[in-house]
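Engineer: Sharing a structure with you now.
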Amino acid sequence: MATSYADPLVWGVVLVIGVLTYAIRLSFIGLFGYLDEIPPRLERPLRYVPAAVLAALVLPAFVTLDASGLAVDKLVAGGLAAVVAWRTENVFATMAAGMGTLWLVRFVLLPTV
């Protein structure tokens with residue numbers, strides 16, 4: 001039996017998840033509103049959150065499988081872009097190197113992929 005989007009259970013689950021997400025975010029805003037200073041023991045690990053979130057968003061695009069197996073073009077372009085980002089710390093250079101490599105590998109070196 002398929003569940004319909006008009007099913008009240010589906011809307012109830014969506015509502016509960018939304019309220020819990022809002023409560024979690026509000027709790028951090030409220031907690032840090034009462035603190036004058038973030039404790040150093042908490043501040044040290046929080047420095048790595050942006051890099052971890054970026055990696056979690058970007059990395060799956062490089063290691064996904066396509067119809068022929070591992071997407072080599074994306075893996076090569078992502079690897080080169082990571083090296084450029086690490087060495088130059090320049091966003092434009094990173095995007096240019098990654099896209100240029102992706103296009104080169106996809107359309108010139110491996111046109112059948």
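Residues in the structure tokens are named by chain (A, B, ... in the order shown) and by number from 1 within that chain; ligands are numbered from 1 in the order shown.
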Among chain A, which ones does DSSP place in alpha helix (DSSP H), written as a PyMOL selection string?

Structural biologist: chain A and resi 8-34+40-46+49-63+72-88+91-103

Engineer: Give me a file of those residues, with C-alpha atoms, as a PDB file, in the first residue's frame.

Structural biologist:
```pdb
ATOM      1  CA  PRO A   8      -2.230  13.050   7.722  1.00  0.00           C
ATOM      2  CA  LEU A   9       0.569  10.801   9.024  1.00  0.00           C
ATOM      3  CA  VAL A  10       2.978  12.190   6.423  1.00  0.00           C
ATOM      4  CA  TRP A  11       2.103  15.765   7.338  1.00  0.00           C
ATOM      5  CA  GLY A  12       2.397  14.941  11.034  1.00  0.00           C
ATOM      6  CA  VAL A  13       5.887  13.526  10.542  1.00  0.00           C
ATOM      7  CA  VAL A  14       6.910  16.587   8.495  1.00  0.00           C
ATOM      8  CA  LEU A  15       5.543  18.884  11.201  1.00  0.00           C
ATOM      9  CA  VAL A  16       7.315  17.027  14.026  1.00  0.00           C
ATOM     10  CA  ILE A  17      10.632  17.034  12.149  1.00  0.00           C
ATOM     11  CA  GLY A  18      10.270  20.751  11.415  1.00  0.00           C
ATOM     12  CA  VAL A  19       9.500  21.598  15.043  1.00  0.00           C
ATOM     13  CA  LEU A  20      12.442  19.508  16.304  1.00  0.00           C
ATOM     14  CA  THR A  21      14.829  21.119  13.796  1.00  0.00           C
ATOM     15  CA  TYR A  22      13.643  24.579  14.816  1.00  0.00           C
ATOM     16  CA  ALA A  23      13.986  23.711  18.521  1.00  0.00           C
ATOM     17  CA  ILE A  24      17.537  22.433  18.088  1.00  0.00           C
ATOM     18  CA  ARG A  25      18.618  25.559  16.233  1.00  0.00           C
ATOM     19  CA  LEU A  26      16.836  27.847  18.684  1.00  0.00           C
ATOM     20  CA  SER A  27      18.477  26.103  21.621  1.00  0.00           C
ATOM     21  CA  PHE A  28      21.954  26.941  20.298  1.00  0.00           C
ATOM     22  CA  ILE A  29      20.973  30.549  19.638  1.00  0.00           C
ATOM     23  CA  GLY A  30      19.527  30.819  23.129  1.00  0.00           C
ATOM     24  CA  LEU A  31      22.481  29.055  24.736  1.00  0.00           C
ATOM     25  CA  PHE A  32      25.064  31.296  23.091  1.00  0.00           C
ATOM     26  CA  GLY A  33      22.917  34.336  23.878  1.00  0.00           C
ATOM     27  CA  TYR A  34      23.363  33.644  27.593  1.00  0.00           C
ATOM     28  CA  PRO A  40      37.743  27.135  24.714  1.00  0.00           C
ATOM     29  CA  ARG A  41      36.988  23.419  25.019  1.00  0.00           C
ATOM     30  CA  LEU A  42      33.936  23.939  22.799  1.00  0.00           C
ATOM     31  CA  GLU A  43      35.468  26.574  20.524  1.00  0.00           C
ATOM     32  CA  ARG A  44      38.361  24.360  19.334  1.00  0.00           C
ATOM     33  CA  PRO A  45      36.180  21.657  17.737  1.00  0.00           C
ATOM     34  CA  LEU A  46      33.760  24.248  16.323  1.00  0.00           C
ATOM     35  CA  VAL A  49      32.651  22.519  11.416  1.00  0.00           C
ATOM     36  CA  PRO A  50      32.749  24.570   8.162  1.00  0.00           C
ATOM     37  CA  ALA A  51      35.367  22.282   6.598  1.00  0.00           C
ATOM     38  CA  ALA A  52      33.458  19.174   7.678  1.00  0.00           C
ATOM     39  CA  VAL A  53      30.174  20.486   6.280  1.00  0.00           C
ATOM     40  CA  LEU A  54      31.818  21.457   2.984  1.00  0.00           C
ATOM     41  CA  ALA A  55      33.431  18.033   2.696  1.00  0.00           C
ATOM     42  CA  ALA A  56      30.115  16.317   3.442  1.00  0.00           C
ATOM     43  CA  LEU A  57      28.394  18.324   0.715  1.00  0.00           C
ATOM     44  CA  VAL A  58      31.088  18.106  -1.960  1.00  0.00           C
ATOM     45  CA  LEU A  59      32.778  14.724  -1.516  1.00  0.00           C
ATOM     46  CA  PRO A  60      29.813  12.510  -2.541  1.00  0.00           C
ATOM     47  CA  ALA A  61      29.820  14.140  -5.986  1.00  0.00           C
ATOM     48  CA  PHE A  62      33.375  12.891  -6.547  1.00  0.00           C
ATOM     49  CA  VAL A  63      32.996   9.317  -5.414  1.00  0.00           C
ATOM     50  CA  VAL A  72      36.965   9.235 -13.118  1.00  0.00           C
ATOM     51  CA  ASP A  73      36.516  12.669 -14.681  1.00  0.00           C
ATOM     52  CA  LYS A  74      34.941  14.097 -11.512  1.00  0.00           C
ATOM     53  CA  LEU A  75      37.495  12.410  -9.283  1.00  0.00           C
ATOM     54  CA  VAL A  76      40.459  13.808 -11.251  1.00  0.00           C
ATOM     55  CA  ALA A  77      38.950  17.313 -11.464  1.00  0.00           C
ATOM     56  CA  GLY A  78      38.057  17.309  -7.774  1.00  0.00           C
ATOM     57  CA  GLY A  79      41.517  16.149  -6.794  1.00  0.00           C
ATOM     58  CA  LEU A  80      43.211  18.846  -8.841  1.00  0.00           C
ATOM     59  CA  ALA A  81      40.805  21.493  -7.516  1.00  0.00           C
ATOM     60  CA  ALA A  82      41.603  20.380  -3.955  1.00  0.00           C
ATOM     61  CA  VAL A  83      45.333  20.741  -4.604  1.00  0.00           C
ATOM     62  CA  VAL A  84      44.839  24.197  -6.145  1.00  0.00           C
ATOM     63  CA  ALA A  85      42.660  25.268  -3.211  1.00  0.00           C
ATOM     64  CA  TRP A  86      45.238  24.040  -0.728  1.00  0.00           C
ATOM     65  CA  ARG A  87      48.183  25.702  -2.469  1.00  0.00           C
ATOM     66  CA  THR A  88      46.637  29.018  -3.564  1.00  0.00           C
ATOM     67  CA  VAL A  91      38.392  30.460  -4.809  1.00  0.00           C
ATOM     68  CA  PHE A  92      38.443  31.610  -8.437  1.00  0.00           C
ATOM     69  CA  ALA A  93      41.614  29.648  -9.205  1.00  0.00           C
ATOM     70  CA  THR A  94      40.102  26.569  -7.567  1.00  0.00           C
ATOM     71  CA  MET A  95      36.884  26.781  -9.606  1.00  0.00           C
ATOM     72  CA  ALA A  96      38.770  27.503 -12.829  1.00  0.00           C
ATOM     73  CA  ALA A  97      41.172  24.597 -12.294  1.00  0.00           C
ATOM     74  CA  GLY A  98      38.409  22.180 -11.349  1.00  0.00           C
ATOM     75  CA  MET A  99      36.050  23.089 -14.189  1.00  0.00           C
ATOM     76  CA  GLY A 100      38.865  23.314 -16.718  1.00  0.00           C
ATOM     77  CA  THR A 101      40.126  19.876 -15.739  1.00  0.00           C
ATOM     78  CA  LEU A 102      36.629  18.409 -15.758  1.00  0.00           C
ATOM     79  CA  TRP A 103      35.960  19.719 -19.259  1.00  0.00           C
TER      80      TRP A 103
END
```

Engineer: Assign secondary structure with DSSP using the backbone only, and return the residues of chain A in strand (DSSP E or B) as a PyMOL selection string.

Structural biologist: chain A and resi 65-66+69-70

Engineer: Keeping only all heavy atoms, take the residues you just selected and write them out as a PDB file, in the first residue's frame.

Structural biologist:
```pdb
ATOM      1  N   LEU A  65      29.129   6.581  -8.297  1.00  0.00           N
ATOM      2  CA  LEU A  65      29.274   5.696  -9.439  1.00  0.00           C
ATOM      3  C   LEU A  65      28.316   6.126 -10.534  1.00  0.00           C
ATOM      4  O   LEU A  65      27.180   6.480 -10.273  1.00  0.00           O
ATOM      5  CB  LEU A  65      28.981   4.255  -9.035  1.00  0.00           C
ATOM      6  CG  LEU A  65      29.892   3.649  -7.973  1.00  0.00           C
ATOM      7  CD1 LEU A  65      29.402   2.273  -7.591  1.00  0.00           C
ATOM      8  CD2 LEU A  65      31.316   3.594  -8.450  1.00  0.00           C
ATOM      9  N   ASP A  66      28.792   6.084 -11.776  1.00  0.00           N
ATOM     10  CA  ASP A  66      27.890   6.306 -12.902  1.00  0.00           C
ATOM     11  C   ASP A  66      27.683   4.964 -13.595  1.00  0.00           C
ATOM     12  O   ASP A  66      28.061   3.923 -13.078  1.00  0.00           O
ATOM     13  CB  ASP A  66      28.422   7.397 -13.844  1.00  0.00           C
ATOM     14  CG  ASP A  66      29.791   7.087 -14.399  1.00  0.00           C
ATOM     15  OD1 ASP A  66      30.268   5.950 -14.201  1.00  0.00           O
ATOM     16  OD2 ASP A  66      30.385   7.972 -15.037  1.00  0.00           O
ATOM     17  N   GLY A  69      30.834   2.858 -13.998  1.00  0.00           N
ATOM     18  CA  GLY A  69      31.665   2.647 -12.818  1.00  0.00           C
ATOM     19  C   GLY A  69      31.961   3.962 -12.126  1.00  0.00           C
ATOM     20  O   GLY A  69      31.131   4.864 -12.081  1.00  0.00           O
ATOM     21  N   LEU A  70      33.176   4.079 -11.605  1.00  0.00           N
ATOM     22  CA  LEU A  70      33.590   5.279 -10.900  1.00  0.00           C
ATOM     23  C   LEU A  70      33.707   6.441 -11.872  1.00  0.00           C
ATOM     24  O   LEU A  70      34.266   6.305 -12.957  1.00  0.00           O
ATOM     25  CB  LEU A  70      34.928   5.032 -10.211  1.00  0.00           C
ATOM     26  CG  LEU A  70      35.414   6.093  -9.248  1.00  0.00           C
ATOM     27  CD1 LEU A  70      34.446   6.225  -8.079  1.00  0.00           C
ATOM     28  CD2 LEU A  70      36.786   5.740  -8.736  1.00  0.00           C
TER      29      LEU A  70
END
```

Engineer: CA of Glu89 (chain A) and CA of Leu104 (chain A) are how many Å apart?

Structural biologist: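 Separation of CA of Glu89 (chain A) and CA of Leu104 (chain A): 22.6 Å.
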